[in-house]
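Shown below: data-v9.json, with JSON, C-alpha atoms.
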[["chain", "number", "residue", "atom", "x", "y", "z"],
["A", 247, "MET", "CA", 116.02, 79.30, -22.45],
["A", 248, "ALA", "CA", 119.72, 78.56, -22.67],
["A", 249, "THR", "CA", 121.55, 80.18, -25.55],
["A", 250, "ASP", "CA", 124.08, 78.36, -27.70],
["A", 251, "ALA", "CA", 127.67, 78.37, -26.53],
["A", 252, "SER", "CA", 129.52, 80.98, -28.60],
["A", 253, "VAL", "CA", 132.17, 79.81, -31.05],
["A", 254, "LYS", "CA", 135.48, 80.12, -29.26],
["A", 255, "TYR", "CA", 138.08, 78.72, -31.65],
["A", 256, "ARG", "CA", 139.21, 79.59, -35.16],
["A", 257, "ILE", "CA", 140.70, 77.51, -37.96],
["A", 258, "ASN", "CA", 144.38, 76.70, -37.24],
["A", 259, "ASP", "CA", 144.02, 77.24, -33.49],
["A", 260, "LEU", "CA", 145.85, 74.67, -31.40],
["A", 261, "VAL", "CA", 143.72, 72.91, -28.83],
["A", 262, "LYS", "CA", 144.14, 70.25, -26.20],
["A", 263, "VAL", "CA", 141.43, 67.68, -25.55],
["A", 264, "ARG", "CA", 140.23, 67.54, -21.95],
["A", 265, "VAL", "CA", 140.73, 64.35, -20.00],
["A", 266, "ALA", "CA", 137.46, 63.33, -18.40],
["A", 267, "SER", "CA", 135.10, 60.44, -17.96],
["A", 268, "PRO", "CA", 131.71, 61.93, -17.12],
["A", 269, "PRO", "CA", 128.94, 59.48, -16.30],
["A", 270, "GLY", "CA", 126.68, 58.73, -19.24],
["A", 271, "HIS", "CA", 127.05, 59.21, -22.95],
["A", 272, "PHE", "CA", 130.02, 61.23, -24.18],
["A", 273, "ARG", "CA", 131.46, 61.26, -27.70],
["A", 274, "THR", "CA", 135.12, 62.07, -27.07],
["A", 275, "PRO", "CA", 137.15, 58.88, -27.46],
["A", 276, "THR", "CA", 139.52, 58.12, -24.61],
["A", 277, "TYR", "CA", 142.51, 57.67, -26.94],
["A", 278, "ILE", "CA", 142.32, 61.31, -28.06],
["A", 279, "GLN", "CA", 141.93, 62.80, -24.59],
["A", 280, "GLY", "CA", 144.96, 64.79, -23.44],
["A", 281, "LYS", "CA", 146.26, 65.11, -27.02],
["A", 282, "THR", "CA", 147.01, 68.38, -28.78],
["A", 283, "GLY", "CA", 145.68, 69.05, -32.26],
["A", 284, "GLN", "CA", 144.74, 71.80, -34.66],
["A", 285, "ILE", "CA", 141.26, 73.02, -35.60],
["A", 286, "VAL", "CA", 140.70, 72.44, -39.32],
["A", 287, "ALA", "CA", 136.94, 73.10, -39.58],
["A", 288, "LEU", "CA", 133.89, 74.25, -37.69],
["A", 289, "CYS", "CA", 131.32, 71.55, -38.50],
["A", 290, "GLY", "CA", 128.35, 73.40, -37.04],
["A", 291, "VAL", "CA", 126.62, 73.92, -33.73],
["A", 292, "PHE", "CA", 124.79, 70.89, -32.32],
["A", 293, "PRO", "CA", 122.83, 69.87, -29.22],
["A", 294, "ASN", "CA", 125.12, 68.40, -26.58],
["A", 295, "PRO", "CA", 124.86, 64.57, -26.91],
["A", 296, "GLU", "CA", 125.71, 64.10, -23.23],
["A", 297, "SER", "CA", 122.42, 65.77, -22.39],
["A", 298, "LEU", "CA", 120.39, 64.46, -25.35],
["A", 299, "ALA", "CA", 121.17, 60.82, -24.60],
["A", 300, "HIS", "CA", 119.56, 61.16, -21.20],
["A", 301, "ALA", "CA", 116.37, 62.88, -22.32],
["A", 302, "GLY", "CA", 117.81, 66.35, -21.75],
["A", 303, "SER", "CA", 117.37, 69.36, -24.00],
["A", 304, "GLY", "CA", 120.91, 69.27, -25.41],
["A", 305, "LEU", "CA", 121.16, 72.96, -24.58],
["A", 306, "PRO", "CA", 123.24, 74.97, -24.69],
["A", 307, "LYS", "CA", 124.20, 73.74, -28.14],
["A", 308, "GLN", "CA", 127.92, 73.20, -28.59],
["A", 309, "PRO", "CA", 130.11, 74.15, -31.54],
["A", 310, "LEU", "CA", 131.60, 71.02, -33.11],
["A", 311, "TYR", "CA", 135.09, 71.19, -34.57],
["A", 312, "ARG", "CA", 137.05, 68.88, -36.81],
["A", 313, "VAL", "CA", 140.40, 68.60, -35.07],
["A", 314, "GLU", "CA", 143.49, 67.24, -36.82],
["A", 315, "PHE", "CA", 146.12, 65.34, -34.84],
["A", 316, "GLU", "CA", 149.50, 64.05, -35.92],
["A", 317, "GLN", "CA", 149.41, 60.27, -35.63],
["A", 318, "SER", "CA", 152.77, 60.48, -33.89],
["A", 319, "GLU", "CA", 151.16, 62.74, -31.24],
["A", 320, "VAL", "CA", 148.39, 60.21, -30.64],
["A", 321, "TRP", "CA", 150.44, 57.00, -30.66],
["A", 322, "ALA", "CA", 154.03, 57.06, -29.41],
["A", 323, "GLU", "CA", 154.93, 54.13, -31.63],
["A", 324, "TYR", "CA", 152.81, 54.87, -34.69],
["A", 325, "PRO", "CA", 154.10, 52.56, -37.44],
["A", 326, "GLY", "CA", 153.71, 54.91, -40.43],
["A", 327, "PRO", "CA", 155.08, 58.11, -41.99],
["A", 328, "ALA", "CA", 155.22, 61.24, -39.82],
["A", 329, "LYS", "CA", 152.77, 63.02, -42.14],
["A", 330, "ASP", "CA", 149.85, 60.68, -41.33],
["A", 331, "LYS", "CA", 146.96, 62.30, -39.47],
["A", 332, "ILE", "CA", 143.83, 61.46, -37.55],
["A", 333, "LEU", "CA", 140.79, 63.70, -37.58],
["A", 334, "VAL", "CA", 138.21, 63.64, -34.82],
["A", 335, "ASP", "CA", 135.06, 65.75, -34.46],
["A", 336, "ILE", "CA", 135.06, 67.21, -30.95],
["A", 337, "TYR", "CA", 132.55, 69.45, -29.16],
["A", 338, "GLN", "CA", 133.84, 72.74, -27.83],
["A", 339, "HIS", "CA", 133.37, 71.96, -24.15],
["A", 340, "TRP", "CA", 135.95, 69.17, -24.53],
["A", 341, "LEU", "CA", 138.65, 71.54, -25.82],
["A", 342, "GLU", "CA", 141.12, 73.79, -24.05],
["A", 343, "PRO", "CA", 143.19, 76.48, -25.74],
["A", 344, "VAL", "CA", 146.89, 75.90, -26.35],
["A", 345, "GLU", "CA", 149.21, 78.80, -27.01],
["A", 346, "ALA", "CA", 151.06, 78.39, -30.27],
["A", 347, "PRO", "CA", 154.84, 78.24, -29.85],
["A", 348, "GLY", "CA", 156.29, 81.72, -30.13],
["A", 349, "GLU", "CA", 153.09, 83.53, -29.21],
["A", 350, "PRO", "CA", 153.21, 85.84, -26.21],
["B", 70, "MET", "CA", 121.23, 13.24, -49.08],
["B", 71, "SER", "CA", 124.54, 14.33, -47.71],
["B", 72, "ASP", "CA", 125.09, 15.40, -44.19],
["B", 73, "GLN", "CA", 126.27, 18.87, -45.14],
["B", 74, "HIS", "CA", 123.55, 20.69, -43.23],
["B", 75, "ASP", "CA", 124.70, 19.90, -39.75],
["B", 76, "ASP", "CA", 126.25, 23.36, -39.60],
["B", 77, "HIS", "CA", 123.13, 25.30, -38.70],
["B", 78, "LYS", "CA", 124.96, 27.22, -36.06],
["B", 79, "LEU", "CA", 126.95, 28.89, -38.84],
["B", 80, "HIS", "CA", 123.78, 30.35, -40.33],
["B", 81, "PRO", "CA", 122.23, 32.85, -37.96],
["B", 82, "GLY", "CA", 118.47, 32.76, -38.27],
["B", 83, "ILE", "CA", 118.43, 29.18, -39.52],
["B", 84, "GLY", "CA", 118.07, 26.15, -37.32],
["B", 85, "GLU", "CA", 117.21, 26.13, -33.67],
["B", 86, "ASP", "CA", 115.41, 29.24, -32.54],
["B", 87, "SER", "CA", 116.59, 30.27, -29.12],
["B", 88, "GLY", "CA", 114.07, 33.10, -28.92],
["B", 89, "PRO", "CA", 114.60, 36.84, -29.20],
["B", 90, "SER", "CA", 117.89, 38.25, -27.98],
["B", 91, "GLU", "CA", 118.14, 40.81, -25.21],
["B", 92, "TYR", "CA", 118.66, 43.53, -27.84],
["B", 93, "GLU", "CA", 115.61, 42.48, -29.83],
["B", 94, "LEU", "CA", 113.52, 42.57, -26.67],
["B", 95, "ARG", "CA", 114.88, 45.99, -25.77],
["B", 96, "ALA", "CA", 114.15, 47.34, -29.27],
["B", 97, "LYS", "CA", 110.66, 45.92, -29.11],
["B", 98, "ALA", "CA", 110.04, 47.47, -25.70],
["B", 99, "MET", "CA", 111.26, 50.86, -26.96],
["B", 100, "GLU", "CA", 109.04, 50.65, -30.03],
["B", 101, "ASP", "CA", 106.06, 49.81, -27.82],
["B", 102, "LEU", "CA", 106.80, 52.79, -25.61],
["B", 103, "LEU", "CA", 107.13, 55.17, -28.58],
["B", 104, "VAL", "CA", 103.80, 53.99, -29.95],
["B", 105, "THR", "CA", 102.02, 53.95, -26.59],
["B", 106, "LYS", "CA", 103.18, 57.46, -25.79],
["B", 107, "GLY", "CA", 102.05, 58.64, -29.21],
["B", 108, "ILE", "CA", 105.53, 59.80, -30.31],
["B", 109, "CYS", "CA", 105.25, 57.85, -33.55],
["B", 110, "THR", "CA", 103.16, 55.10, -35.08],
["B", 111, "ARG", "CA", 104.18, 51.55, -35.83],
["B", 112, "GLU", "CA", 103.74, 52.34, -39.53],
["B", 113, "GLU", "CA", 106.24, 55.19, -39.25],
["B", 114, "VAL", "CA", 108.77, 52.87, -37.61],
["B", 115, "GLN", "CA", 108.28, 50.32, -40.38],
["B", 116, "ARG", "CA", 108.60, 53.03, -43.04],
["B", 117, "GLU", "CA", 111.98, 54.07, -41.63],
["B", 118, "VAL", "CA", 113.13, 50.43, -41.55],
["B", 119, "ASP", "CA", 112.03, 49.98, -45.18],
["B", 120, "LEU", "CA", 113.76, 53.20, -46.16],
["B", 121, "MET", "CA", 117.01, 52.03, -44.56],
["B", 122, "ASP", "CA", 116.74, 48.68, -46.33],
["B", 123, "ALA", "CA", 116.18, 50.42, -49.67],
["B", 124, "ARG", "CA", 119.43, 52.37, -49.45],
["B", 125, "SER", "CA", 122.43, 50.88, -51.15],
["B", 126, "PRO", "CA", 126.08, 51.55, -51.94],
["B", 127, "SER", "CA", 125.02, 51.82, -55.59],
["B", 128, "ASP", "CA", 123.50, 55.20, -54.70],
["B", 129, "GLY", "CA", 126.86, 56.37, -53.39],
["B", 130, "ALA", "CA", 128.48, 55.03, -56.56],
["B", 131, "LYS", "CA", 126.26, 57.28, -58.69],
["B", 132, "ILE", "CA", 127.35, 60.32, -56.67],
["B", 133, "VAL", "CA", 131.00, 59.39, -57.05],
["B", 134, "ALA", "CA", 130.71, 58.81, -60.79],
["B", 135, "ARG", "CA", 129.04, 62.19, -61.30],
["B", 136, "ALA", "CA", 131.83, 63.88, -59.33],
["B", 137, "TRP", "CA", 134.41, 62.14, -61.53],
["B", 138, "VAL", "CA", 132.90, 63.43, -64.77],
["B", 139, "ASP", "CA", 131.80, 66.89, -63.61],
["B", 140, "SER", "CA", 134.34, 69.05, -61.76],
["B", 141, "ASP", "CA", 131.74, 71.70, -60.84],
["B", 142, "TYR", "CA", 129.59, 69.00, -59.28],
["B", 143, "LYS", "CA", 132.60, 67.65, -57.41],
["B", 144, "ALA", "CA", 133.34, 71.10, -55.98],
["B", 145, "MET", "CA", 129.74, 71.39, -54.77],
["B", 146, "LEU", "CA", 129.81, 67.88, -53.34],
["B", 147, "LEU", "CA", 132.92, 68.60, -51.29],
["B", 148, "ALA", "CA", 131.58, 71.97, -50.10],
["B", 149, "ASP", "CA", 127.94, 71.00, -49.43],
["B", 150, "ALA", "CA", 127.29, 67.29, -49.78],
["B", 151, "HIS", "CA", 123.66, 67.54, -48.72],
["B", 152, "THR", "CA", 122.69, 69.94, -51.50],
["B", 153, "ALA", "CA", 124.81, 68.20, -54.12],
["B", 154, "ILE", "CA", 123.40, 64.74, -53.39],
["B", 155, "ASN", "CA", 119.79, 65.89, -53.29],
["B", 156, "GLU", "CA", 120.38, 67.63, -56.61],
["B", 157, "LEU", "CA", 120.78, 64.15, -58.14],
["B", 158, "GLY", "CA", 117.29, 63.20, -56.96],
["B", 159, "PHE", "CA", 118.11, 61.76, -53.56],
["B", 160, "HIS", "CA", 116.29, 62.85, -50.44],
["B", 161, "LEU", "CA", 118.74, 63.07, -47.59],
["B", 162, "PRO", "CA", 116.95, 64.00, -44.38],
["B", 163, "ASP", "CA", 117.43, 67.54, -43.09],
["B", 164, "THR", "CA", 118.10, 66.20, -39.62],
["B", 165, "THR", "CA", 121.46, 65.30, -38.14],
["B", 166, "PRO", "CA", 123.72, 63.50, -38.63],
["B", 167, "GLN", "CA", 124.93, 65.40, -41.66],
["B", 168, "LEU", "CA", 126.92, 63.95, -44.52],
["B", 169, "ALA", "CA", 130.34, 65.24, -45.54],
["B", 170, "VAL", "CA", 132.48, 64.06, -48.45],
["B", 171, "VAL", "CA", 136.27, 63.89, -48.43],
["B", 172, "GLU", "CA", 138.39, 63.43, -51.53],
["B", 173, "ASN", "CA", 141.20, 60.95, -52.08],
["B", 174, "THR", "CA", 143.95, 62.20, -54.38],
["B", 175, "ASP", "CA", 147.48, 61.29, -55.47],
["B", 176, "THR", "CA", 148.79, 62.76, -52.21],
["B", 177, "VAL", "CA", 146.04, 62.13, -49.65],
["B", 178, "HIS", "CA", 144.12, 58.98, -48.73],
["B", 179, "HIS", "CA", 141.17, 59.11, -46.32],
["B", 180, "LEU", "CA", 139.84, 56.17, -44.32],
["B", 181, "VAL", "CA", 136.64, 56.30, -42.25],
["B", 182, "VAL", "CA", 136.00, 54.59, -38.93],
["B", 183, "CYS", "CA", 133.79, 55.05, -35.91],
["B", 184, "THR", "CA", 135.82, 54.01, -32.91],
["B", 185, "LEU", "CA", 132.94, 54.53, -30.47],
["B", 186, "CYS", "CA", 130.22, 52.52, -32.22],
["B", 187, "SER", "CA", 129.22, 52.12, -35.87],
["B", 188, "CYS", "CA", 128.50, 55.62, -37.23],
["B", 189, "TYR", "CA", 128.31, 55.32, -41.00],
["B", 190, "PRO", "CA", 126.73, 57.30, -43.88],
["B", 191, "ARG", "CA", 123.56, 55.20, -43.55],
["B", 192, "MET", "CA", 121.44, 58.03, -44.96],
["B", 193, "LEU", "CA", 123.02, 57.27, -48.34],
["B", 194, "LEU", "CA", 124.65, 53.81, -48.25],
["B", 195, "GLY", "CA", 122.30, 51.95, -45.90],
["B", 196, "ARG", "CA", 123.60, 49.63, -43.21],
["B", 197, "PRO", "CA", 127.35, 49.23, -42.67],
["B", 198, "PRO", "CA", 129.11, 45.91, -43.27],
["B", 199, "ASP", "CA", 129.65, 43.73, -40.22],
["B", 200, "TRP", "CA", 133.42, 44.17, -40.25],
["B", 201, "TYR", "CA", 132.97, 47.95, -39.98],
["B", 202, "LYS", "CA", 131.25, 47.39, -36.63],
["B", 203, "SER", "CA", 133.83, 44.89, -35.36],
["B", 204, "LEU", "CA", 135.99, 45.83, -32.40],
["B", 205, "SER", "CA", 139.01, 44.76, -34.42],
["B", 206, "TYR", "CA", 138.43, 47.25, -37.25],
["B", 207, "ARG", "CA", 137.32, 50.04, -34.92],
["B", 208, "SER", "CA", 140.44, 49.80, -32.81],
["B", 209, "ARG", "CA", 143.03, 48.96, -35.45],
["B", 210, "ALA", "CA", 141.94, 51.48, -38.10],
["B", 211, "VAL", "CA", 143.22, 54.33, -35.95],
["B", 212, "VAL", "CA", 146.34, 52.63, -34.57],
["B", 213, "GLU", "CA", 147.68, 50.90, -37.68],
["B", 214, "PRO", "CA", 145.56, 52.02, -40.65],
["B", 215, "ARG", "CA", 148.14, 51.07, -43.26],
["B", 216, "ALA", "CA", 148.28, 47.49, -41.99],
["B", 217, "VAL", "CA", 144.48, 47.30, -42.00],
["B", 218, "MET", "CA", 144.28, 48.54, -45.58],
["B", 219, "ARG", "CA", 146.99, 46.06, -46.58],
["B", 220, "GLU", "CA", 144.73, 43.28, -45.30],
["B", 221, "PHE", "CA", 142.05, 44.60, -47.66],
["B", 222, "GLY", "CA", 144.63, 44.39, -50.45],
["B", 223, "LEU", "CA", 145.47, 48.09, -50.54],
["B", 224, "GLU", "CA", 149.06, 49.24, -50.23],
["B", 225, "ILE", "CA", 149.37, 52.99, -49.69],
["B", 226, "GLY", "CA", 152.75, 54.46, -50.62],
["B", 227, "GLU", "CA", 154.84, 56.30, -48.03],
["B", 228, "GLU", "CA", 154.57, 59.45, -50.13],
["B", 229, "VAL", "CA", 150.79, 59.54, -49.56],
["B", 230, "GLU", "CA", 149.38, 61.08, -46.37],
["B", 231, "VAL", "CA", 146.89, 58.76, -44.68],
["B", 232, "ARG", "CA", 144.10, 60.67, -42.95],
["B", 233, "ILE", "CA", 141.79, 58.75, -40.63],
["B", 234, "LEU", "CA", 138.35, 60.22, -40.00],
["B", 235, "ASP", "CA", 136.86, 59.07, -36.71],
["B", 236, "SER", "CA", 133.16, 59.88, -37.06],
["B", 237, "THR", "CA", 132.38, 60.35, -33.40],
["B", 238, "ALA", "CA", 129.75, 63.06, -33.45],
["B", 239, "ASP", "CA", 127.19, 64.69, -35.77],
["B", 240, "LEU", "CA", 128.86, 64.14, -39.14],
["B", 241, "ARG", "CA", 129.12, 61.04, -41.29],
["B", 242, "TYR", "CA", 131.81, 60.73, -43.91],
["B", 243, "LEU", "CA", 131.78, 59.42, -47.46],
["B", 244, "VAL", "CA", 135.09, 59.01, -49.27],
["B", 245, "LEU", "CA", 135.26, 60.23, -52.86],
["B", 246, "PRO", "CA", 137.81, 57.74, -54.19],
["B", 247, "LYS", "CA", 140.37, 58.59, -56.85],
["B", 248, "ARG", "CA", 139.18, 57.86, -60.38],
["B", 249, "PRO", "CA", 141.03, 54.80, -61.70],
["B", 250, "GLU", "CA", 143.42, 55.27, -64.58],
["B", 251, "GLY", "CA", 142.41, 54.05, -68.01],
["B", 252, "THR", "CA", 138.79, 55.13, -67.55],
["B", 253, "GLU", "CA", 138.87, 58.26, -69.75],
["B", 254, "ASN", "CA", 136.46, 56.82, -72.31],
["B", 255, "MET", "CA", 133.99, 55.27, -69.89],
["B", 256, "SER", "CA", 130.46, 56.60, -69.46],
["B", 257, "GLU", "CA", 129.16, 57.88, -66.14],
["B", 258, "ALA", "CA", 127.09, 54.71, -65.70],
["B", 259, "GLU", "CA", 130.09, 52.50, -66.46],
["B", 260, "LEU", "CA", 132.18, 54.47, -63.99],
["B", 261, "ALA", "CA", 129.55, 53.98, -61.28],
["B", 262, "GLY", "CA", 129.98, 50.24, -61.81],
["B", 263, "LEU", "CA", 133.60, 50.53, -60.69],
["B", 264, "VAL", "CA", 132.76, 52.17, -57.35],
["B", 265, "THR", "CA", 132.51, 49.73, -54.46],
["B", 266, "ARG", "CA", 131.13, 50.21, -50.98],
["B", 267, "ASP", "CA", 134.55, 49.60, -49.46],
["B", 268, "SER", "CA", 136.19, 52.22, -51.69],
["B", 269, "MET", "CA", 133.75, 54.79, -50.26],
["B", 270, "ILE", "CA", 134.91, 53.82, -46.75],
["B", 271, "GLY", "CA", 138.51, 54.04, -47.90],
["B", 272, "VAL", "CA", 139.74, 50.52, -47.14],
["B", 273, "THR", "CA", 140.11, 49.80, -50.85],
["B", 274, "THR", "CA", 140.21, 51.66, -54.15],
["B", 275, "PRO", "CA", 137.56, 51.30, -56.89],
["B", 276, "ARG", "CA", 137.73, 48.51, -59.43],
["B", 277, "THR", "CA", 139.73, 49.17, -62.56],
["B", 278, "PRO", "CA", 138.37, 48.36, -66.02],
["B", 279, "GLU", "CA", 140.56, 45.24, -65.87],
["B", 280, "THR", "CA", 139.40, 43.95, -62.47],
["B", 281, "ALA", "CA", 135.78, 44.82, -63.31],
["B", 282, "ALA", "CA", 136.00, 42.70, -66.45],
["B", 283, "ALA", "CA", 137.64, 39.77, -64.68]]
Would you mind writing the structure in this file as structure tokens?
Amino acid sequence: MATDASVKYRINDLVKVRVASPPGHFRTPTYIQGKTGQIVALCGVFPNPESLAHAGSGLPKQPLYRVEFEQSEVWAEYPGPAKDKILVDIYQHWLEPVEAPGEP
Amino acid sequence: MSDQHDDHKLHPGIGEDSGPSEYELRAKAMEDLLVTKGICTREEVQREVDLMDARSPSDGAKIVARAWVDSDYKAMLLADAHTAINELGFHLPDTTPQLAVVENTDTVHHLVVCTLCSCYPRMLLGRPPDWYKSLSYRSRAVVEPRAVMREFGLEIGEEVEVRILDSTADLRYLVLPKRPEGTENMSEAELAGLVTRDSMIGVTTPRTPETAAA
């Protein structure tokens, strides 16, 4: 039996969303792919919808994070204040680590 | 008799019946399969449909009003919505998706959308409004949320941070709107009467005592 994927990221970690278009049912919107954001919450560990939607087991379960993005990072011409944000819940296997500026 | 009923095409379900749509046929076929394979009974399917139909934004309004009058309850609601809502006598299912509540304040305004489909806190509010499922809302709410809210009659000041929640996965979001001013002397039941479905999505704010009376 497959074990759950272990939780890899912590609150405040910077992450980049993978760019991919796997066949079938995935829950990572295209507009957020390739963007860099910050983890603000771990929502839980859930069966992988890409497997579930096609009668799979959903295993290994994936940690799900709430990731906060600056609107100006997502849309080059965002027509609102710089402080506006967008929050998207993203499964761990769609995230890649980003080194914070100034870290070794 | 006037000729005003020549507009049957404007009333879905009334007038010429063109037969079941492709989606209705697909749903029917899936239900038949579930029953034939013994996964669930037709009665169980109907019970879930009835349960969904029985849910209403007025249930969400009761939760909001309690949070407005009871700060301890509000803290619990924001930390663990499932427990807090069931404490008021509701029976949210233990299965996913889970419900989370986000608070609008003087400095932060949340707006909920599902860009991928129509994810919505159905376990509490029932079915979403049609506009919530429209491609227009789903695409524009993330790109130009302030313009979208303006079209609903809500102008958010530049000093307020707008936070869009795209419910793409296993959580559904309910907005706890800001309590309107001038409501200090209202009862919890009166306060619930100010809370609208749209204010719990974030596209508007609750009624005020003035607009509620109008």
Could you make a table, as a Markdown table, of the residues of chain B that have an atom within 9 Å of an atom of chain A, each with its nearest atom pair and distance in Å to one decimal, counting only C-alpha atoms, in chain and number order?
| residue | atom | partner | partner_atom | distance |
| --- | --- | --- | --- | --- |
| B:Thr165 | CA | A:Phe292 | CA | 8.7 |
| B:Thr184 | CA | A:Pro275 | CA | 7.4 |
| B:Leu185 | CA | A:Pro275 | CA | 6.8 |
| B:Val211 | CA | A:Ile332 | CA | 7.3 |
| B:Val212 | CA | A:Tyr324 | CA | 6.8 |
| B:Glu213 | CA | A:Pro325 | CA | 6.6 |
| B:Pro214 | CA | A:Gly326 | CA | 8.7 |
| B:Arg215 | CA | A:Gly326 | CA | 7.3 |
| B:Ala216 | CA | A:Pro325 | CA | 9.0 |
| B:Glu227 | CA | A:Pro327 | CA | 6.3 |
| B:Glu228 | CA | A:Pro327 | CA | 8.3 |
| B:Val229 | CA | A:Asp330 | CA | 8.4 |
| B:Glu230 | CA | A:Asp330 | CA | 5.1 |
| B:Val231 | CA | A:Asp330 | CA | 4.9 |
| B:Arg232 | CA | A:Lys331 | CA | 4.8 |
| B:Ile233 | CA | A:Ile332 | CA | 4.6 |
| B:Leu234 | CA | A:Leu333 | CA | 4.9 |
| B:Asp235 | CA | A:Val334 | CA | 5.1 |
| B:Ser236 | CA | A:Val334 | CA | 6.7 |
| B:Thr237 | CA | A:Arg273 | CA | 5.8 |
| B:Ala238 | CA | A:Asp335 | CA | 6.0 |
| B:Asp239 | CA | A:Phe292 | CA | 7.5 |
| B:Leu240 | CA | A:Cys289 | CA | 7.8 |
Kindly save the residues from that selection, with C-alpha atoms included, as a tab-separated table (two decimals), keeping the file's coordinate frame.
chain	number	residue	atom	x	y	z
B	165	THR	CA	121.46	65.30	-38.14
B	184	THR	CA	135.82	54.01	-32.91
B	185	LEU	CA	132.94	54.53	-30.47
B	211	VAL	CA	143.22	54.33	-35.95
B	212	VAL	CA	146.34	52.63	-34.57
B	213	GLU	CA	147.68	50.90	-37.68
B	214	PRO	CA	145.56	52.02	-40.65
B	215	ARG	CA	148.14	51.07	-43.26
B	216	ALA	CA	148.28	47.49	-41.99
B	227	GLU	CA	154.84	56.30	-48.03
B	228	GLU	CA	154.57	59.45	-50.13
B	229	VAL	CA	150.79	59.54	-49.56
B	230	GLU	CA	149.38	61.08	-46.37
B	231	VAL	CA	146.89	58.76	-44.68
B	232	ARG	CA	144.10	60.67	-42.95
B	233	ILE	CA	141.79	58.75	-40.63
B	234	LEU	CA	138.35	60.22	-40.00
B	235	ASP	CA	136.86	59.07	-36.71
B	236	SER	CA	133.16	59.88	-37.06
B	237	THR	CA	132.38	60.35	-33.40
B	238	ALA	CA	129.75	63.06	-33.45
B	239	ASP	CA	127.19	64.69	-35.77
B	240	LEU	CA	128.86	64.14	-39.14
For Ile257 in chain A, work out the shell of residues within 8 Å, counting only C-alpha atoms and skipping chain neighbours fewer than 4 positions away, then give it as a list in words. Gln284, Ile285, Val286, Ala287 and Leu288 of chain A
| said: Env of Lys262 in chain A: 10 Å cut, atoms = only C-alpha atoms, seq-sep filter 5 positions within chain, self excluded. Answer as a list in words. | reply: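 Non-adjacent residues within range: Ile278, Gln279, Gly280, Lys281, Thr282, Gly283, Gln284, Val313, Trp340, Leu341, Glu342, Pro343, Val344 and Glu345 of chain A.
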Filtering to C-alpha atoms, could you give me those residues as a PDB file, in the frame of the given file?
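The result, stored in part-v3.pdb:
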ATOM      1  CA  ILE A 278     142.320  61.310 -28.060  1.00  0.00           C
ATOM      2  CA  GLN A 279     141.930  62.800 -24.590  1.00  0.00           C
ATOM      3  CA  GLY A 280     144.960  64.790 -23.440  1.00  0.00           C
ATOM      4  CA  LYS A 281     146.260  65.110 -27.020  1.00  0.00           C
ATOM      5  CA  THR A 282     147.010  68.380 -28.780  1.00  0.00           C
ATOM      6  CA  GLY A 283     145.680  69.050 -32.260  1.00  0.00           C
ATOM      7  CA  GLN A 284     144.740  71.800 -34.660  1.00  0.00           C
ATOM      8  CA  VAL A 313     140.400  68.600 -35.070  1.00  0.00           C
ATOM      9  CA  TRP A 340     135.950  69.170 -24.530  1.00  0.00           C
ATOM     10  CA  LEU A 341     138.650  71.540 -25.820  1.00  0.00           C
ATOM     11  CA  GLU A 342     141.120  73.790 -24.050  1.00  0.00           C
ATOM     12  CA  PRO A 343     143.190  76.480 -25.740  1.00  0.00           C
ATOM     13  CA  VAL A 344     146.890  75.900 -26.350  1.00  0.00           C
ATOM     14  CA  GLU A 345     149.210  78.800 -27.010  1.00  0.00           C
TER      15      GLU A 345
END
Name the residues in contact with Gln338 in chain A at a cut-off of 9 Å, using all atoms listed in the file, excluding same-chain residues fewer than 6 positions from it; report them as a VMD selection string.
chain A and resid 251 253 to 255 308 to 311
> What does the distance from CA of Gly271 in chain B to CA of Pro246 in chain B come to in Å, to one decimal?
Replying inline: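 Taking CA of Gly271 in chain B and CA of Pro246 in chain B, their separation equals 7.3 Å.
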Which centre and which edge lengths, in Å to one decimal, describe the axis-aligned box that holds all listed atoms of range 267-273 of chain A after 8 Å is added on each side, as AutoDock Vina command-line options?
--center_x 130.9 --center_y 60.3 --center_z -22.0 --size_x 24.4 --size_y 19.2 --size_z 27.4
Exercise. Of the residues B:Asp128, B:Asp267, B:Asp175, B:Asp122, which is the one nearest to Asp199 in chain B, using all atoms listed in the file?
Worked result: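 Of B:Asp128, B:Asp267, B:Asp175, B:Asp122, the one nearest Asp199 in chain B, counting all atoms listed in the file, is B:Asp267.
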Residue neighbourhood Tyr189 in chain B, 9 Å, all atoms listed in the file, exclusion window fewer than 6 positions, as a PyMOL selection string = chain B and resi 181-183+195-197+201+236+241-243+270
Determine, counting only C-alpha atoms, which protein, DNA and RNA residues have an atom within 12 Å of an atom of range 138-145 of chain B; residues of the same chain fewer than 2 positions away are not included. Present the result as number ranges by chain.
B: 131-136, 147-157, 169-172, 245-248, 252-261
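CA of Gly270 in chain A lies 27.6 Å from CA of Glu319 in chain A.
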